file work36.txt (compact mmCIF, C-alpha atoms)
# COMPACT_ATOMS: atom_id res chain seq x y z
CA MET A 9 -134.31 -30.39 -53.16
CA ASN A 10 -132.69 -30.42 -56.64
CA ASN A 11 -132.92 -33.32 -59.04
CA ILE A 12 -129.78 -35.47 -58.73
CA GLY A 13 -129.34 -35.53 -62.51
CA THR A 14 -129.25 -31.75 -62.63
CA LYS A 15 -126.59 -31.77 -59.91
CA ILE A 16 -124.45 -34.32 -61.80
CA LYS A 17 -124.66 -32.21 -64.96
CA GLU A 18 -123.64 -29.09 -63.03
CA LEU A 19 -120.68 -30.89 -61.42
CA ARG A 20 -119.58 -32.45 -64.74
CA LYS A 21 -119.53 -29.10 -66.53
CA ARG A 22 -117.73 -27.44 -63.65
CA ALA A 23 -115.05 -30.16 -63.99
CA ASP A 24 -114.95 -29.52 -67.78
CA LEU A 25 -115.85 -33.11 -68.64
CA THR A 26 -117.98 -34.55 -71.42
CA GLN A 27 -120.63 -37.16 -70.71
CA GLU A 28 -118.37 -39.76 -72.34
CA GLN A 29 -115.40 -38.80 -70.13
CA LEU A 30 -117.44 -39.00 -66.95
CA ALA A 31 -118.91 -42.32 -68.08
CA ASP A 32 -115.39 -43.71 -68.60
CA ILE A 33 -114.29 -42.52 -65.17
CA LEU A 34 -117.31 -44.11 -63.48
CA GLY A 35 -117.24 -47.27 -65.58
CA VAL A 36 -120.69 -46.85 -67.10
CA ALA A 37 -122.00 -46.23 -70.62
CA TYR A 38 -122.24 -42.60 -71.69
CA GLN A 39 -125.96 -43.13 -72.40
CA THR A 40 -126.36 -43.88 -68.66
CA VAL A 41 -124.87 -40.51 -67.75
CA SER A 42 -127.14 -38.87 -70.35
CA LYS A 43 -130.22 -40.49 -68.83
CA TRP A 44 -129.18 -39.35 -65.33
CA GLU A 45 -128.81 -35.76 -66.49
CA CYS A 46 -132.09 -35.81 -68.39
CA GLY A 47 -133.88 -37.22 -65.38
CA THR A 48 -134.98 -40.35 -67.22
CA THR A 49 -133.28 -42.54 -64.64
CA ALA A 50 -131.39 -42.00 -61.38
CA PRO A 51 -128.02 -43.47 -60.40
CA ASP A 52 -128.12 -46.84 -58.71
CA ILE A 53 -127.54 -46.62 -54.98
CA SER A 54 -124.16 -48.32 -55.49
CA MET A 55 -123.05 -45.39 -57.67
CA ILE A 56 -123.78 -42.62 -55.14
CA ALA A 57 -120.52 -43.03 -53.19
CA PRO A 58 -118.23 -43.22 -56.31
CA ILE A 59 -119.87 -40.13 -57.82
CA ALA A 60 -119.62 -38.18 -54.56
CA ARG A 61 -116.00 -39.23 -54.02
CA PHE A 62 -115.00 -38.24 -57.55
CA PHE A 63 -116.47 -34.76 -57.25
CA LYS A 64 -115.19 -34.49 -53.65
CA ILE A 65 -118.61 -33.71 -52.16
CA SER A 66 -120.89 -35.38 -49.63
CA ALA A 67 -123.85 -37.54 -50.58
CA ASP A 68 -126.12 -34.82 -49.16
CA GLU A 69 -124.60 -32.27 -51.54
CA LEU A 70 -125.03 -34.68 -54.44
CA PHE A 71 -128.73 -34.88 -53.65
CA GLY A 72 -128.86 -31.11 -53.43
CA LEU A 73 -129.02 -30.90 -49.67
CA SER A 74 -126.86 -28.26 -48.02
CA GLU A 75 -126.00 -28.36 -44.32
CA SER A 76 -128.10 -25.25 -43.74
CA GLU A 77 -131.06 -26.85 -45.52
CA ASN A 78 -130.64 -30.01 -43.41
CA ASP A 79 -130.46 -28.00 -40.22
CA GLU A 80 -133.50 -25.92 -41.09
CA ARG A 81 -135.55 -28.99 -42.02
CA GLN A 82 -134.61 -30.78 -38.81
CA ARG A 83 -135.50 -27.66 -36.84
CA GLU A 84 -138.94 -27.63 -38.50
CA LEU A 85 -139.47 -31.31 -37.69
CA ARG A 86 -138.40 -30.85 -34.08
CA GLU A 87 -140.79 -27.93 -33.74
CA ARG A 88 -143.65 -30.02 -35.09
CA TRP A 89 -142.73 -32.88 -32.77
CA GLY A 90 -142.60 -30.61 -29.73
CA ASN A 91 -145.87 -28.89 -30.61
CA SER A 92 -147.62 -32.24 -30.93
CA TRP A 93 -146.81 -32.93 -27.28
CA ASP A 94 -148.16 -29.54 -26.27
CA THR A 95 -151.41 -30.03 -28.17
CA GLY A 96 -151.79 -33.77 -27.63
CA ASP A 97 -152.26 -34.32 -31.39
CA VAL A 98 -151.05 -37.92 -31.78
CA ALA A 99 -151.81 -37.95 -35.52
CA GLU A 100 -149.53 -34.94 -36.10
CA ARG A 101 -146.91 -36.52 -33.85
CA TYR A 102 -146.99 -39.71 -35.91
CA ALA A 103 -146.85 -37.77 -39.19
CA ALA A 104 -143.86 -35.70 -38.02
CA ALA A 105 -142.03 -38.82 -36.86
CA LYS A 106 -142.64 -40.63 -40.15
CA GLU A 107 -141.41 -37.69 -42.20
CA ALA A 108 -138.35 -37.21 -40.01
CA HIS A 109 -137.33 -40.85 -40.26
CA ALA A 110 -138.00 -41.01 -44.01
CA GLU A 111 -135.86 -37.94 -44.71
CA PHE A 112 -133.11 -38.72 -42.20
CA PRO A 113 -133.01 -42.52 -41.88
CA ASP A 114 -129.59 -42.46 -40.19
CA ASN A 115 -130.79 -40.22 -37.35
CA TYR A 116 -131.53 -42.43 -34.33
CA GLU A 117 -133.34 -39.63 -32.53
CA PHE A 118 -135.96 -39.62 -35.29
CA LEU A 119 -136.17 -43.41 -35.24
CA SER A 120 -136.86 -43.18 -31.50
CA TRP A 121 -139.61 -40.67 -32.24
CA LEU A 122 -141.22 -43.06 -34.68
CA ALA A 123 -141.11 -45.98 -32.24
CA ASP A 124 -142.85 -43.85 -29.60
CA ALA A 125 -145.35 -42.27 -31.98
CA GLU A 126 -146.49 -45.61 -33.38
CA ILE A 127 -147.57 -46.75 -29.91
CA TYR A 128 -149.53 -43.58 -29.19
CA TYR A 129 -151.15 -43.60 -32.62
CA ALA A 130 -152.14 -47.26 -32.24
CA ASP A 131 -153.65 -46.76 -28.78
CA TYR A 132 -155.65 -43.68 -29.74
CA ASN A 133 -156.96 -44.85 -33.11
CA PHE A 134 -157.46 -48.61 -33.09
CA GLU A 135 -159.00 -51.33 -30.96
CA GLU A 136 -156.48 -53.22 -28.88
CA HIS A 137 -155.21 -56.32 -30.71
CA SER A 138 -156.90 -55.29 -33.98
CA GLU A 139 -154.85 -55.85 -37.13
CA GLU A 140 -153.88 -52.17 -37.40
CA TRP A 141 -153.04 -51.90 -33.69
CA THR A 142 -150.91 -55.05 -33.77
CA SER A 143 -149.07 -53.94 -36.90
CA LEU A 144 -148.10 -50.61 -35.33
CA TYR A 145 -146.96 -52.26 -32.09
CA GLU A 146 -144.84 -54.77 -34.00
CA SER A 147 -143.32 -51.97 -36.08
CA SER A 148 -142.50 -50.03 -32.92
CA VAL A 149 -140.82 -53.08 -31.37
CA LYS A 150 -138.67 -53.53 -34.49
CA HIS A 151 -137.58 -49.90 -34.33
CA TYR A 152 -136.66 -50.23 -30.66
CA GLU A 153 -134.67 -53.37 -31.49
CA THR A 154 -132.83 -51.47 -34.25
CA LEU A 155 -131.98 -48.71 -31.79
CA LEU A 156 -130.75 -51.20 -29.21
CA GLU A 157 -128.59 -53.05 -31.74
CA ASN A 158 -127.10 -50.13 -33.67
CA CYS A 159 -127.23 -46.93 -31.62
CA THR A 160 -124.18 -46.18 -29.46
CA ASP A 161 -125.81 -43.47 -27.33
CA ILE A 162 -126.38 -44.97 -23.86
CA ASP A 163 -129.47 -42.90 -23.08
CA ARG A 164 -131.05 -43.83 -26.38
CA LYS A 165 -130.29 -47.54 -25.80
CA ASN A 166 -131.88 -47.33 -22.35
CA GLU A 167 -134.96 -45.72 -23.90
CA ALA A 168 -135.12 -48.68 -26.28
CA LEU A 169 -134.88 -51.15 -23.38
CA GLN A 170 -137.73 -49.32 -21.68
CA GLY A 171 -139.85 -49.34 -24.83
CA LEU A 172 -139.31 -53.06 -25.37
CA ALA A 173 -140.02 -53.97 -21.74
CA MET A 174 -143.24 -51.95 -21.72
CA ASN A 175 -144.64 -52.83 -25.15
CA LEU A 176 -143.71 -56.46 -25.77
CA PRO A 177 -146.15 -57.65 -23.06
CA MET A 178 -148.96 -56.03 -25.06
CA LEU A 179 -148.10 -58.51 -27.82
CA GLY A 180 -148.04 -61.41 -25.36
CA ARG A 181 -144.22 -61.60 -25.41
CA ASN A 182 -143.66 -61.29 -21.66
CA ASP A 183 -140.55 -63.46 -21.53
CA GLU A 184 -138.76 -61.22 -24.04
CA ALA A 185 -139.92 -58.13 -22.13
CA PHE A 186 -138.53 -59.58 -18.89
CA LYS A 187 -135.16 -60.10 -20.56
CA TYR A 188 -134.98 -56.49 -21.72
CA ALA A 189 -136.15 -55.14 -18.34
CA LYS A 190 -133.32 -56.99 -16.60
CA MET A 191 -130.83 -55.50 -19.06
CA HIS A 192 -131.50 -51.96 -17.85
CA PRO A 193 -128.44 -50.71 -15.91
CA SER A 194 -130.53 -49.09 -13.14
CA SER A 195 -131.87 -51.55 -10.57
CA THR A 196 -134.60 -49.07 -9.64
CA LYS A 197 -135.68 -48.76 -13.28
CA GLN A 198 -135.53 -52.55 -13.61
CA ARG A 199 -138.14 -52.93 -10.88
CA GLU A 200 -140.36 -50.33 -12.54
CA LEU A 201 -140.12 -52.07 -15.92
CA LEU A 202 -140.78 -55.48 -14.39
CA MET A 203 -144.21 -54.18 -13.39
CA TRP A 204 -145.13 -54.36 -17.08
CA CYS A 205 -144.03 -57.94 -17.71
CA LEU A 206 -144.60 -59.87 -14.46
CA LYS A 207 -147.87 -61.49 -13.45
CA GLY A 208 -149.48 -62.89 -10.33
CA GLU A 209 -147.41 -63.36 -7.17
CA ALA A 210 -144.19 -62.25 -8.87
CA ALA A 211 -145.84 -58.99 -9.93
CA GLU A 212 -147.17 -58.31 -6.42
CA LYS A 213 -143.78 -58.99 -4.84
CA ASN A 214 -142.09 -56.67 -7.33
CA ILE A 215 -144.58 -53.86 -6.62
CA GLN A 216 -144.02 -54.24 -2.87
CA GLU A 217 -140.25 -54.03 -3.37
CA ILE A 218 -140.76 -50.78 -5.31
CA VAL A 219 -142.91 -49.42 -2.47
CA LEU A 220 -140.27 -50.45 0.08
CA ASN A 221 -137.54 -48.74 -1.93
CA ASP A 222 -139.63 -45.58 -2.33
CA LEU A 223 -140.49 -45.63 1.38
CA PHE A 224 -136.80 -45.65 2.26
CA ASN A 225 -136.04 -42.75 -0.09
CA ILE A 226 -138.84 -40.46 1.02
CA VAL A 227 -138.32 -41.12 4.74
CA TYR A 228 -134.57 -40.59 4.37
CA ASP A 229 -135.10 -37.31 2.52
CA LEU A 230 -137.64 -36.03 5.05
CA GLU A 231 -135.52 -36.93 8.06
CA TRP A 232 -132.55 -35.13 6.54
CA ARG A 233 -134.26 -31.90 7.68
CA GLN A 234 -133.57 -32.63 11.32
CA ASN A 235 -134.78 -29.27 12.65
CA ASN A 236 -138.08 -29.23 10.75
CA LEU A 237 -140.82 -30.73 12.93
CA VAL A 238 -143.30 -30.81 10.03
CA CYS A 239 -140.94 -32.97 7.94
CA LEU A 240 -140.19 -35.25 10.89
CA LYS A 241 -143.89 -35.70 11.66
CA ALA A 242 -144.53 -36.47 7.99
CA ALA A 243 -141.82 -39.16 7.98
CA GLU A 244 -143.24 -40.71 11.17
CA THR A 245 -146.76 -40.71 9.73
CA ILE A 246 -145.64 -42.30 6.46
CA ILE A 247 -143.78 -45.09 8.27
CA LYS A 248 -146.72 -45.86 10.56
CA THR A 249 -149.25 -45.67 7.72
CA VAL A 250 -147.38 -48.15 5.54
CA ILE A 251 -146.19 -50.38 8.40
CA ASP A 252 -149.47 -50.31 10.28
CA ASP A 253 -148.97 -53.44 12.40
CA GLY A 254 -146.03 -52.19 14.48
CA ASN A 255 -143.55 -54.69 13.04
CA PHE A 256 -141.23 -51.95 11.85
CA VAL A 257 -138.18 -54.19 11.26
CA ASN A 258 -135.30 -51.88 10.17
CA TYR A 259 -137.60 -48.85 10.40
CA HIS A 260 -137.09 -49.04 14.17
CA GLY A 261 -133.78 -47.37 13.32
CA PHE A 262 -135.49 -44.58 11.37
CA LEU A 263 -137.96 -44.01 14.21
CA MET A 264 -135.14 -43.94 16.76
CA THR A 265 -133.45 -41.00 15.03
CA ASN A 266 -136.77 -39.40 14.05
CA TYR A 267 -137.88 -39.22 17.68
CA VAL A 268 -134.51 -37.85 18.84
CA PHE A 269 -134.83 -35.07 16.27
CA GLN A 270 -138.43 -34.39 17.30
CA ALA A 271 -137.34 -34.25 20.93
CA HIS A 272 -134.72 -31.69 19.95
CA CYS A 273 -137.37 -29.56 18.22
CA TYR A 274 -139.60 -29.72 21.30
CA THR A 275 -136.67 -28.80 23.56
CA VAL A 276 -135.86 -25.74 21.45
CA SER A 277 -139.48 -24.59 21.69
CA GLY A 278 -139.55 -25.16 25.49
CA GLN A 279 -141.95 -28.11 25.35
CA PHE A 280 -139.92 -30.22 27.76
CA GLU A 281 -142.58 -32.81 28.64
CA GLU A 282 -143.08 -33.63 24.96
CA ALA A 283 -139.29 -33.79 24.49
CA ILE A 284 -138.94 -36.40 27.26
CA GLU A 285 -141.79 -38.50 25.85
CA TYR A 286 -140.15 -38.56 22.43
CA LEU A 287 -136.79 -39.49 23.92
CA LYS A 288 -138.50 -42.43 25.63
CA LYS A 289 -139.94 -43.48 22.28
CA SER A 290 -136.52 -43.12 20.69
CA TYR A 291 -134.90 -45.38 23.26
CA TYR A 292 -137.59 -48.02 22.76
CA HIS A 293 -136.88 -48.17 19.04
CA ALA A 294 -133.11 -48.15 19.63
CA VAL A 295 -133.48 -51.28 21.78
CA ALA A 296 -135.74 -52.88 19.17
CA MET A 297 -133.27 -52.14 16.37
CA ASP A 298 -130.35 -53.55 18.35
CA GLU A 299 -132.35 -56.72 18.95
CA ILE A 300 -132.80 -57.13 15.20
CA GLU A 301 -129.12 -56.51 14.53
CA GLU A 302 -128.23 -59.17 17.11
CA MET A 303 -129.64 -61.74 14.72
CA LYS A 304 -127.27 -63.86 12.68
CA LYS A 305 -125.76 -62.05 9.72
CA GLY A 306 -127.54 -63.20 6.59
CA SER A 307 -130.92 -63.56 8.27
CA LYS A 308 -133.94 -62.13 6.52
CA VAL A 309 -136.51 -60.43 8.74
CA PRO A 310 -139.96 -60.38 7.12
CA PHE A 311 -142.35 -57.47 7.13
CA THR A 312 -145.87 -58.53 8.10
CA CYS A 313 -147.99 -55.48 7.24
CA GLU A 314 -150.33 -55.93 4.28
CA ILE A 315 -148.53 -53.41 2.07
CA LEU A 316 -145.10 -55.07 2.48
CA ASN A 317 -145.86 -58.66 3.51
CA ARG A 318 -143.97 -60.15 0.56
CA THR A 319 -140.74 -58.30 1.37
CA VAL A 320 -137.94 -58.83 3.88
CA PHE A 321 -135.12 -56.90 5.48
CA ASP A 322 -131.89 -58.70 4.67
CA LEU A 323 -129.31 -58.23 7.41
CA GLU A 324 -126.63 -58.62 4.72
CA ASP A 325 -127.77 -55.21 3.49
CA THR A 326 -127.07 -53.58 6.85
CA CYS A 327 -124.63 -50.72 6.42
CA ARG A 328 -123.45 -48.89 9.53
CA SER A 329 -121.08 -45.94 9.60
CA GLY A 330 -119.56 -46.96 12.95
CA MET A 331 -119.15 -49.76 15.49
CA SER A 332 -121.68 -48.48 18.02
CA THR A 333 -125.11 -49.97 18.68
CA PHE A 334 -128.32 -47.99 18.31
CA THR A 335 -128.67 -47.66 22.08
CA GLN A 336 -125.12 -46.33 22.25
CA ASP A 337 -126.00 -43.88 19.47
CA PHE A 338 -129.03 -42.86 21.51
CA LYS A 339 -126.85 -42.09 24.54
CA GLU A 340 -124.48 -40.09 22.34
CA TYR A 341 -127.42 -37.95 21.19
CA LEU A 342 -128.31 -37.29 24.85
CA SER A 343 -124.80 -35.93 25.46
CA ARG A 344 -125.21 -33.18 22.88
CA ASP A 345 -125.94 -29.60 23.88
CA TRP A 346 -129.33 -30.02 22.21
CA PHE A 347 -130.68 -31.26 25.53
CA ASP A 348 -128.85 -29.02 28.01
CA SER A 349 -132.19 -27.53 29.07
CA LEU A 350 -133.32 -30.98 30.25
CA ARG A 351 -130.31 -32.05 32.31
CA ASP A 352 -131.71 -31.08 35.72
CA ARG A 353 -134.90 -33.06 35.19
CA GLU A 354 -135.22 -36.43 36.98
CA ASP A 355 -136.81 -38.12 33.98
CA PHE A 356 -133.87 -37.03 31.81
CA LYS A 357 -131.40 -38.30 34.41
CA GLN A 358 -133.17 -41.66 34.29
CA LEU A 359 -132.67 -41.71 30.53
CA LEU A 360 -128.97 -40.95 30.98
CA ALA A 361 -128.68 -43.84 33.44
CA LEU A 362 -129.94 -46.31 30.89
CA ASN A 363 -127.28 -48.65 29.60
CA THR A 364 -127.33 -50.39 26.22
CA LEU A 365 -129.13 -53.53 25.14
CA ASP A 366 -126.43 -55.52 26.94
CA MET A 367 -128.05 -54.57 30.24
CA LEU A 368 -131.34 -56.03 29.13
CA MET A 369 -129.52 -59.15 28.00
CA GLN A 370 -128.41 -59.74 31.62
CA LYS A 371 -132.07 -60.31 32.52
CA GLY A 372 -132.39 -62.84 29.74
CA HIS A 373 -132.83 -62.86 25.98
CA ASP A 374 -136.52 -63.68 26.28
CA GLU A 375 -137.19 -60.66 28.45
CA ALA A 376 -135.49 -58.45 25.91
CA GLN A 377 -137.73 -59.83 23.18
CA ALA A 378 -140.78 -59.37 25.38
CA GLY A 379 -139.80 -55.78 26.09
CA ILE A 380 -139.69 -54.99 22.40
CA GLY A 381 -143.21 -56.31 21.95
CA LEU A 382 -144.75 -54.01 24.60
CA SER A 383 -146.23 -50.55 24.19
CA VAL A 384 -143.81 -47.62 24.38
CA ASP A 385 -144.69 -46.73 27.98
CA ASP A 386 -144.71 -50.35 29.18
CA ALA A 387 -141.44 -51.07 27.42
CA PHE A 388 -139.85 -48.03 29.03
CA LYS A 389 -141.09 -49.18 32.47
CA LYS A 390 -139.59 -52.60 31.85
CA VAL A 391 -136.29 -51.03 30.89
CA ARG A 392 -136.31 -49.01 34.12
CA GLU A 393 -136.77 -52.19 36.18
CA VAL A 394 -133.27 -53.18 35.14
CA ILE A 395 -131.69 -49.92 36.32
call {"tool": "encode", "arguments": {"input": "work36.txt", "output": "C-alpha cells"}}
result
Amino acid sequence: MNNIGTKIKELRKRADLTQEQLADILGVAYQTVSKWECGTTAPDISMIAPIARFFKISADELFGLSESENDERQRELRERWGNSWDTGDVAERYAAAKEAHAEFPDNYEFLSWLADAEIYYADYNFEEHSEEWTSLYESSVKHYETLLENCTDIDRKNEALQGLAMNLPMLGRNDEAFKYAKMHPSSTKQRELLMWCLKGEAAEKNIQEIVLNDLFNIVYDLEWRQNNLVCLKAAETIIKTVIDDGNFVNYHGFLMTNYVFQAHCYTVSGQFEEAIEYLKKSYYHAVAMDEIEEMKKGSKVPFTCEILNRTVFDLEDTCRSGMSTFTQDFKEYLSRDWFDSLRDREDFKQLLALNTLDMLMQKGHDEAQAGIGLSVDDAFKKVREVI
C-alpha cells in the first residue's frame, strides 16, 4: 500500500498543479500540502472525500488500493478464514477476522466473522466469566448489534439475531436474548433459539414443542414413501417410542394411514393375514381420530407421555384436505385396487361392512369412547358387535 502523501504528489503533478494551487483549491495552507507529500502528516479524515472528488478517483485509489489489490487481499483473508475451520485453529481464525475487519471496516461479512471468532477464542482460551472472556463476549454482542442495525442483507441480520439470542444469556442478559430470539422470522428457528434463553418450566415446554415439531416432520417424511415397508415401520416405531403410553392424540391419524400403507405392502408380497391385521389396526386408529375431531373446535387435547406431557394438540390447527372423516377415508382406501387380492376373504368383507364413527355413535357416545380405550383386537371386536 503506497503512502497517501506520495499518491497526492503524483496526482498533483499529473494535474500540472503547484502545491500552492492545490492548497487554494482545497482551502488549506500550502505548507499542509507540503507536509502531506513529505509524509510528515496525513490528511485529516474530513479531507479524504474532497481530495478524492477533485482528482476524480475513489478513496481506495487515494490510499493506493486498486480493485485488484482489494480483491486479492480479500481472497487471501477468506482462504485463511476457511482454513481455520478445517484445522480448528481458533487463534488463526480470530487473527484473520481481526485483520479483515481492520482493513475492510465497511464489509459486514468480515464484521460477522469477527463476532463469531471472538466467541470461539474466548471459550477456548479463557475461564468462563473471567475478565478476558467477558470482554470478548461483550465485544461480540456489540458487533452483532451493529450488524442487526446497519446491515441490509436479510441472511446476515438473521445470523446476528441468532448470535445475540445464543450469547447474551452467557452474560446473564436473558431478557434481551429472548427479545432477539422472538424477532427471528422462522418460528422453527425461534423455538431453537429460545432453548438458549429460557429456564425452568418454560425451557422444558419449549424443548418438548421442538420435539413435537420434529416428530411431525420426520414421520411425515417417512410415510411419504408409501410403498417402502422399512420406512413405514420406522415411522410406526418412532411414534410409539415417543408416545409410549398409547395416548396418540392426532398421531392416531398418522397411524391410520401408516397401517393402510403397511397392509398394502403385505398384500403385494402375498402376506394376506398380516395385511388384514394391519387394516384392523388402521380402522381402530381411524375411529380414535374421528372421536378426537368430534371435540369442540378450539379444544386442546393434551399429550400425557413423559416426552411430550407439556404439549397439546390444538384442534384449531387441524387442517383437512376434504370433508370426509378418517373412517370414511379408511373405507375409500379399501376400495382401491391395492386390495383386490383380499376381496374374497370373509375378514376383508367384514371390514368393508364397517360403517363410520356414526354407527358407533348410535350405541352411545360413552361406548365409542370406551372402544377407543381398548386394545386393537378388543376394539375391533367391539366395532363388529355393532354390525
call {"tool": "atom_distance", "arguments": {"input": "work36.txt", "atom1": "atom CA of A:Phe118", "atom2": "atom CA of A:Thr142"}}
result
21.5 Å
call {"tool": "atom_distance", "arguments": {"input": "work36.txt", "atom1": "atom CA of A:Lys207", "atom2": "atom CA of A:His192"}}
result
19.4 Å
call {"tool": "residues_around", "arguments": {"input": "work36.txt", "residues": "A:Leu176", "least_positions_apart": "2", "cutoff": "12 Å", "atoms": "all atoms listed in the file", "output": "PyMOL selection string"}}
result
chain A and resi 127+142+145-150+152-153+168-174+178-189+201-202+204-206
call {"tool": "write_last_selection", "arguments": {"input": "work36.txt", "atoms": "C-alpha atoms", "output": "compact mmCIF listing (two decimals), keeping the file's coordinate frame"}}
result
# COMPACT_ATOMS: atom_id res chain seq x y z
CA ILE A 127 -147.57 -46.75 -29.91
CA THR A 142 -150.91 -55.05 -33.77
CA TYR A 145 -146.96 -52.26 -32.09
CA GLU A 146 -144.84 -54.77 -34.00
CA SER A 147 -143.32 -51.97 -36.08
CA SER A 148 -142.50 -50.03 -32.92
CA VAL A 149 -140.82 -53.08 -31.37
CA LYS A 150 -138.67 -53.53 -34.49
CA TYR A 152 -136.66 -50.23 -30.66
CA GLU A 153 -134.67 -53.37 -31.49
CA ALA A 168 -135.12 -48.68 -26.28
CA LEU A 169 -134.88 -51.15 -23.38
CA GLN A 170 -137.73 -49.32 -21.68
CA GLY A 171 -139.85 -49.34 -24.83
CA LEU A 172 -139.31 -53.06 -25.37
CA ALA A 173 -140.02 -53.97 -21.74
CA MET A 174 -143.24 -51.95 -21.72
CA MET A 178 -148.96 -56.03 -25.06
CA LEU A 179 -148.10 -58.51 -27.82
CA GLY A 180 -148.04 -61.41 -25.36
CA ARG A 181 -144.22 -61.60 -25.41
CA ASN A 182 -143.66 -61.29 -21.66
CA ASP A 183 -140.55 -63.46 -21.53
CA GLU A 184 -138.76 -61.22 -24.04
CA ALA A 185 -139.92 -58.13 -22.13
CA PHE A 186 -138.53 -59.58 -18.89
CA LYS A 187 -135.16 -60.10 -20.56
CA TYR A 188 -134.98 -56.49 -21.72
CA ALA A 189 -136.15 -55.14 -18.34
CA LEU A 201 -140.12 -52.07 -15.92
CA LEU A 202 -140.78 -55.48 -14.39
CA TRP A 204 -145.13 -54.36 -17.08
CA CYS A 205 -144.03 -57.94 -17.71
CA LEU A 206 -144.60 -59.87 -14.46
call {"tool": "atom_distance", "arguments": {"input": "work36.txt", "atom1": "atom CA of A:Gln27", "atom2": "atom CA of A:Thr14"}}
result
13.0 Å
call {"tool": "closest_residue", "arguments": {"input": "work36.txt", "among": "A:Asp345, A:Glu314, A:Asp79, A:Glu45", "to": "A:Leu30", "atoms": "all atoms listed in the file"}}
result
A:Glu45
call {"tool": "closest_residue", "arguments": {"input": "work36.txt", "among": "A:Trp44, A:Tyr228, A:Tyr292, A:Phe256", "to": "A:Ala242", "atoms": "only C-alpha atoms"}}
result
A:Tyr228
call {"tool": "residues_around", "arguments": {"input": "work36.txt", "residues": "stretch 48-63 of chain A", "least_positions_apart": "4", "cutoff": "9 Å", "atoms": "all atoms listed in the file", "output": "PDB file with C-alpha atoms, in the frame of the given file"}}
result
ATOM      1  CA  ILE A  12    -129.780 -35.470 -58.730  1.00  0.00           C
ATOM      2  CA  GLY A  13    -129.340 -35.530 -62.510  1.00  0.00           C
ATOM      3  CA  ILE A  16    -124.450 -34.320 -61.800  1.00  0.00           C
ATOM      4  CA  LEU A  19    -120.680 -30.890 -61.420  1.00  0.00           C
ATOM      5  CA  ARG A  20    -119.580 -32.450 -64.740  1.00  0.00           C
ATOM      6  CA  ALA A  23    -115.050 -30.160 -63.990  1.00  0.00           C
ATOM      7  CA  ILE A  33    -114.290 -42.520 -65.170  1.00  0.00           C
ATOM      8  CA  LEU A  34    -117.310 -44.110 -63.480  1.00  0.00           C
ATOM      9  CA  THR A  40    -126.360 -43.880 -68.660  1.00  0.00           C
ATOM     10  CA  VAL A  41    -124.870 -40.510 -67.750  1.00  0.00           C
ATOM     11  CA  SER A  42    -127.140 -38.870 -70.350  1.00  0.00           C
ATOM     12  CA  LYS A  43    -130.220 -40.490 -68.830  1.00  0.00           C
ATOM     13  CA  TRP A  44    -129.180 -39.350 -65.330  1.00  0.00           C
ATOM     14  CA  ALA A  67    -123.850 -37.540 -50.580  1.00  0.00           C
ATOM     15  CA  GLU A  69    -124.600 -32.270 -51.540  1.00  0.00           C
ATOM     16  CA  LEU A  70    -125.030 -34.680 -54.440  1.00  0.00           C
TER      17      LEU A  70
END
call {"tool": "closest_residue", "arguments": {"input": "work36.txt", "among": "A:Trp89, A:Trp121, A:Tyr286, A:Phe321", "to": "A:Val309", "atoms": "only C-alpha atoms"}}
result
A:Phe321
call {"tool": "closest_residue", "arguments": {"input": "work36.txt", "among": "A:Asp68, A:Asp337, A:Glu107, A:Glu126", "to": "A:Glu84", "atoms": "all atoms listed in the file"}}
result
A:Glu107
call {"tool": "closest_residue", "arguments": {"input": "work36.txt", "among": "A:Ala361, A:Val320, A:Cys313, A:Ser277", "to": "A:Phe347", "atoms": "all atoms listed in the file"}}
result
A:Ser277
call {"tool": "closest_residue", "arguments": {"input": "work36.txt", "among": "A:Lys288, A:Lys308, A:Lys165, A:Lys21", "to": "A:Leu359", "atoms": "all atoms listed in the file"}}
result
A:Lys288
